[in-house]
Amino acid sequence: MSKPSVPSASTIQSHWLKRVLPVAFLLATVALAGEELRGLDPSALRQTLTTIPALMLVGIQTAALAGVLLMSLYDILLNHWLEIRLPLMRVVRYAWIANAFNNLIGMSGLAGSGLRFLLLARADVSRKTNTAYSTIIMLSVPTGLSLLALPMLGSLDQYAHLQSIPSTVTLAVLVIIAAYLPVYVIGLGSERIHRRFFGGLPSLPFRRIPILLAISLLDWLAAAFISWLCLYSTGAVVSLTAYLAAFTLASALGIFSLVPGGLGVFDGMLLLILSATASSNEPILAGLLLYRLTYYVVPWLLALYLGGELLLTSDSRKLRQLAERWQGNQLLTILRLPLRFLSTIGIRGLSLITLISGIVLLISAAYPALVERFSLLNIYLPLAAIEASHLLSVGTGILLIALARGISEQVRTAYRAGLILLLAGAAFSLLKGLDIEEATLLLGSALLLRSQRRNFYRQGYPFLSLRTLLWGALLILAVLGYALLGNWVHGDLSAHIPALLKFAPHLDAPRFVRSLIFAILVSLGFLAWSYFRSATPNLQLPNADELEEARQLLERHGGNAYSHLIFLGDKYLFFGPDRRALIAFGRRRDRLIALGDPSGDPAAFASTIEAFRSFADRYALLPVFYEVMDTHVHVYHDLGFSLFKLGETAYVDVQQFSLAGKQSDDLRHSVNRAKRVGMRMELLQPPFNANLWPQLRGISDAWLEARGSAEKGFSLGRYDQDYLERSPVAAVRLDQRIVAFANLMPGYGGQTDLSIDLMRHTADAPPGTMDFLFVELIALAKAQGYQHFNLGMAPLGGVGHTRYSRPQERIARVAYEYGNRLYNYKGLRRFKEKFRPQWRSSYLAYPVFTPLPGLLIDIAALIAGGYRRIFTK
């Protein structure tokens, strides 16, 4: 047997690096640049932004859009070089989407490359070409920064303004980013490396590498010039040469941080460097905010509009196909984590816009209105209308933040409410202070949301889920942040409480306090409404009529090894569109966990599974199928499910089974010993004698007590008199006393396999009692015309035993090999091997991108009856 392989230490380290590194960089930035923010005057910052001439703003925005458009040169050239032959306008459209999202999200270029891969996959570009296209661009983008860093290495003493950052850090960063250039040139021109990573595509000719380097250099120079122009417009005067050095260092740190878009790290480092020579920090911060808005946010909004449905991949089959393509290349597997995010990035973008719109409303309400605009407003509107608009704008902001969760889940009611609130927020922005810029943002957000109206189809989402709880925490943080911002702008809020009911145009602080109270009330009201009125599927356990319908369906069309467990009554029933098949399932958190394959007519399985998946999707729930057999794996594959092998189920061929031969020595001796002591099996048919129940209950209770365990459920039977009354019971007697019993699963509709469920025995049952029981049941199955006797599954048996197995299954193999102190995996399989069974694989079918560890824990909790019981007997 081959030694199980496990994920490498480098893979684990890479996973944690992606989590720890951004936090470390942000903390370091706060430590270094935090002092520059302490004395910041928010009023001066706002005044700086509002006094920029309109013509200057138009010029900066035009330059920013041209800078993003310049990045399309990568795509235009590679579309030609790789002979993809997409139309020019489509190439530019794809490039704009990828570049704008990459600027905002970053991930050191992974986001842009991943989006290119998805967009070209939609255009049916081959995987090899797509891989080369998206990866070459990802590798080429940083080279311009390397070219900017190279001359700085030889003249660091000329950049005195960089001394705000420790010199060792500056040198190390510049060396690393500059060293990337030769690595890029050698790697991109190497035939061997191309064969290794690009699946046989020829290497890029060296004559084309300088062209890519020139594009990258122009790209970075354009970004530097646009950001310098933003700083110049806000009064932060710095020479272009000195600024270029600061920009290069801050950009490199932003890339290394792995923070999306370098947000916080790039800005903090640039603020730290430039503040050393500036008289005040407000113009610097205002310029950086303007740069983020014009070069990042506005192009991203355009990309979101241009992307439309291209950025939404909800079809399960397409998701699985994309995942297979994604993992088919060794270099692009480093993008596996972003794929889950990128596949629905369009809707996530709309959710983010809704969230940002709400935050903008709160920030605007925290500041006093601009004097000139407010004075003009007072001429035409009564004060009561202005005060009411201010309050309602705050309430609208809170509700938009809250509704962003529903937008991200594509809930129809959240879309409708969000659209109305965005339009209302725009009106309130004008009525409370003539905030034209804010109203424009909200109207633009409403337009983008409206453009995607067809993608909102769900009826609800799970309220009691981790994501919803995190979103609730975000809502609370938004209210808290609003309070802190107001306290910063208006001073100690408690001093203004006595004037709470006083109204005058100049009383900004009491106006804010009233809005804060209103924000708290709106937040609490929304949370209460969500808890009591959120749309959830109407799940009810089956009544007697539904169980009878299920029984008749099973008698007509047949069942499977788990069909009889329906009558435990602890599972919900989902009938297919034509009611020729049904699915028994339980719910744990946001998972609808089906037990086994559907029961009923096999011809209706595909439509029933698809209908069940659609039902779950309407409420943003995850449909999962636990212990599906290998005979139906193709159905789940065709419907876009991923598959994980859970183990192997032992089936004994009752016609071929025999106790003869050396291989059956142990089993034969156990059976003979049982017969010598007078043991015999009796098949008891319902309805059972009343005297039987106390005997069975006593055996069951003693069996549970000896193991210190409680009854389980879902996929395991439990002692339930009504359930046991529905099928025969095989009892092993010794001197007329029952020492063991098991209930049989009826063979519905001519089922060819005999199965058992509940098995219990007394503490003093002779050794070999269960061997004897199984042998007798195999003989019974043969006598009654069955083909196989089902011994049940050996968990993790036959899982991950080859070097080509999936990483999750290789990890499961480690548990099988070394986890027998916690569960007797090998012992259970050895016991079943005595009967020389045929092994059939059992699988878990689950939606693509679902994290497997959490899913397995939820299933274990459903079977055990709670999360605490997983780790207790």
# chains A, B, ... in the order shown; residues from 1 in each chain; ligands from 1
$ residues_around --residues "segment 209-218 of chain A" --least-positions-apart "6" --cutoff "10 Å" --atoms "only C-alpha atoms" --output "ChimeraX atom specification"
/A:67,70-74,77-78,136-137,140-148,181,184-185,188-189,224
$ select_by_dssp --residues "segment 535-696 of chain A" --states "alpha helix (DSSP H)" --output "ChimeraX atom specification"
/A:544-557,605-617,633-638,665-676,692-696
$ atom_distance --atom1 "atom CA of Asp722 of chain A" --atom2 "atom CA of Leu704 of chain A"
19.4 Å
$ closest_residue --among "A:Gln410, A:Gln695, A:Ser429, A:Ser239" --to "Leu377 of chain A" --atoms "only C-alpha atoms"
A:Ser429
$ select_by_dssp --residues "segment 397-613 of chain A" --states "strand (DSSP E)" --output "MDAnalysis selection string"
chainID A and resid 572:575 581:588 591:595 599:600
$ atom_distance --atom1 "atom CA of Leu796 of chain A" --atom2 "atom CA of Ala561 of chain A"
18.8 Å
$ closest_residue --among "A:Leu441, A:Ala765, A:Ala178, A:Leu646" --to "Leu293 of chain A" --atoms "only C-alpha atoms"
A:Leu441
